Amino acid sequence: MRTLVLNAGYEPLAVVSFKRALILVLNQKATVLAGAGDLQVHSATKDFTLPSVILLQRYVRVPTTRKVPVSRRGVLRRDGFRCAYCQKSANTIDHVQPRSRGGKDTWENLVACCLKCNNAKSDKTLAELGWELRHQPRMPQGIAWTVRGAERFEPEWDEFLNFAQAA
């Protein structure tokens with residue numbers, strides 16, 4: 001079970017485990033805004049409803065120009081686990097401008113790629129092969145990319161994420 005953490009300004013900060021969320025609530029550093037239905041954790045003396053959304057007591061500033069860090073998993077997720085060249089299932093990443101020719105590890109230079117296309121491309125440029133990208137790679141946008149740990153959302157989070165996007 002995962003818990004969405006909001007700062008005092010109701011901006012999403014991170015997704016944490018229910019254990020971490022319960023510790024924050026029990027230490028009075030956060031309050032529960034939404035529970036996870038009937039799911040409970042039992043201790044020797046108390047029962048706790050699992051928190052789905054918690055609000056921190058102190059304000060934590062969210063950087064306005066938050067850059068999404070580049071990662072292999074992030075590139076694959078951005079491209080929907082589809083090869084940028086043939087649209088088959090991708091499990092590797094490829095540098096559009098090869099590293100051996102000065103290509104950098106940036107969102108704009110990395111794409112998801114299947115093993116067959118990756119081996120065929122090797123350290124060649126797209127122009128040398130006559131290949132084209134199906135889409136221009138860029139840094140992902142949106143709340144799903146700026147909230148740490150949020151790869152998929154729980155239904156209980158919708159009203160809080162919609163509130164954050166409207167603000």
# chains A, B, ... in the order shown; residues from 1 in each chain; ligands from 1

$ residues_around --residues "region 21-31 of chain A" --least-positions-apart "6" --cutoff "10 Å" --atoms "only C-alpha atoms" --output "CSV table (one decimal) with C-alpha atoms, in the first residue's frame"
chain,number,residue,atom,x,y,z
A,2,ARG,CA,1.3,3.4,-1.0
A,3,THR,CA,0.5,6.8,0.5
A,4,LEU,CA,0.5,10.2,-1.2
A,5,VAL,CA,2.3,12.9,0.9
A,6,LEU,CA,1.1,16.6,0.5
A,7,ASN,CA,2.9,19.6,1.9
A,8,ALA,CA,1.0,22.2,4.0
A,15,VAL,CA,4.7,8.7,-2.5
A,41,VAL,CA,-3.0,-2.3,10.6
A,48,PHE,CA,-5.1,2.0,12.5
A,49,THR,CA,-6.8,2.6,9.2
A,50,LEU,CA,-4.1,2.7,6.5
A,51,PRO,CA,-3.6,6.2,5.2
A,52,SER,CA,-3.9,6.8,1.5
A,53,VAL,CA,-3.2,10.6,1.6
A,54,ILE,CA,-1.5,12.5,4.4
A,55,LEU,CA,-0.9,16.2,4.9
A,56,LEU,CA,2.4,17.4,6.5
A,57,GLN,CA,2.0,19.8,9.4
A,58,ARG,CA,5.0,22.0,8.3

$ select_by_dssp --residues "region 16-72 of chain A" --states "strand (DSSP E or B)" --output "list in words"
Val16, Ser17, Ala30, Thr31, Val32, Leu33, Ala34, Gly35, Ala36, Gly37, Asp38, Leu39, Gln40, Val41, His42, Asp47, Phe48, Thr49, Leu50, Pro51, Ser52, Val53, Ile54, Leu55 and Leu56 of chain A

$ write_last_selection --atoms "C-alpha atoms" --output "short mmCIF file (atom, residue, chain, number, x, y, z; two decimals), in the first residue's frame"
data_model
loop_
_atom_site.label_atom_id
_atom_site.label_comp_id
_atom_site.auth_asym_id
_atom_site.auth_seq_id
_atom_site.Cartn_x
_atom_site.Cartn_y
_atom_site.Cartn_z
CA VAL A 16 5.80 6.69 0.59
CA SER A 17 5.04 3.30 2.09
CA ALA A 30 1.22 14.70 9.45
CA THR A 31 -2.55 14.24 9.49
CA VAL A 32 -4.58 11.71 7.53
CA LEU A 33 -6.75 13.24 4.78
CA ALA A 34 -7.97 10.00 3.23
CA GLY A 35 -7.87 6.39 4.29
CA ALA A 36 -7.51 3.30 2.18
CA GLY A 37 -11.04 2.02 2.74
CA ASP A 38 -11.39 -0.83 5.19
CA LEU A 39 -7.70 -1.77 5.25
CA GLN A 40 -6.24 -1.68 8.73
CA VAL A 41 -3.01 -2.34 10.58
CA HIS A 42 -3.28 -3.92 14.02
CA ASP A 47 -6.06 -0.56 15.17
CA PHE A 48 -5.05 1.99 12.51
CA THR A 49 -6.76 2.64 9.19
CA LEU A 50 -4.15 2.68 6.47
CA PRO A 51 -3.61 6.24 5.24
CA SER A 52 -3.93 6.84 1.51
CA VAL A 53 -3.24 10.60 1.61
CA ILE A 54 -1.48 12.52 4.39
CA LEU A 55 -0.86 16.23 4.91
CA LEU A 56 2.40 17.40 6.49
#

$ residues_around --residues "region 109-118 of chain A" --least-positions-apart "3" --cutoff "12 Å" --atoms "only C-alpha atoms" --output "number ranges by chain"
A: 70-99, 102-106, 121-126, 129, 131, 133-139

$ closest_residue --among "A:Tyr10, A:Ser100, A:Trp107, A:Ala44" --to "Lys67 (chain A)" --atoms "only C-alpha atoms"
A:Trp107

$ select_by_dssp --residues "region 4-151 of chain A" --states "alpha helix (DSSP H)" --output "PyMOL selection string"
chain A and resi 18-26+72-78+115-121+126-129+143-146

$ write_last_selection --atoms "C-alpha atoms" --output "mmCIF file, in the first residue's frame"
data_model
loop_
_atom_site.group_PDB
_atom_site.id
_atom_site.type_symbol
_atom_site.label_atom_id
_atom_site.label_comp_id
_atom_site.auth_asym_id
_atom_site.auth_seq_id
_atom_site.Cartn_x
_atom_site.Cartn_y
_atom_site.Cartn_z
ATOM 1 C CA PHE A 18 2.138 3.015 4.513
ATOM 2 C CA LYS A 19 4.679 2.303 7.277
ATOM 3 C CA ARG A 20 6.437 5.634 6.706
ATOM 4 C CA ALA A 21 3.065 7.406 6.536
ATOM 5 C CA LEU A 22 1.921 5.864 9.830
ATOM 6 C CA ILE A 23 5.168 6.908 11.519
ATOM 7 C CA LEU A 24 4.646 10.514 10.343
ATOM 8 C CA VAL A 25 1.049 10.476 11.629
ATOM 9 C CA LEU A 26 1.929 8.866 14.970
ATOM 10 C CA ARG A 72 16.824 4.222 -17.757
ATOM 11 C CA ARG A 73 13.482 3.337 -16.191
ATOM 12 C CA GLY A 74 12.197 6.859 -16.802
ATOM 13 C CA VAL A 75 13.076 6.755 -20.514
ATOM 14 C CA LEU A 76 11.379 3.372 -20.922
ATOM 15 C CA ARG A 77 8.309 4.628 -19.052
ATOM 16 C CA ARG A 78 8.151 7.885 -21.051
ATOM 17 C CA LEU A 115 17.599 -5.144 -28.593
ATOM 18 C CA LYS A 116 17.484 -5.848 -32.345
ATOM 19 C CA CYS A 117 17.337 -2.150 -33.314
ATOM 20 C CA ASN A 118 19.915 -1.219 -30.670
ATOM 21 C CA ASN A 119 22.398 -3.736 -32.064
ATOM 22 C CA ALA A 120 21.662 -2.715 -35.665
ATOM 23 C CA LYS A 121 22.119 0.985 -34.881
ATOM 24 C CA LEU A 126 20.121 8.046 -37.834
ATOM 25 C CA ALA A 127 21.180 9.807 -41.043
ATOM 26 C CA GLU A 128 23.804 7.138 -41.757
ATOM 27 C CA LEU A 129 21.173 4.409 -41.431
ATOM 28 C CA ILE A 143 2.532 15.798 -11.938
ATOM 29 C CA ALA A 144 3.222 12.083 -12.393
ATOM 30 C CA TRP A 145 6.852 12.917 -13.166
ATOM 31 C CA THR A 146 7.451 15.516 -10.449
#
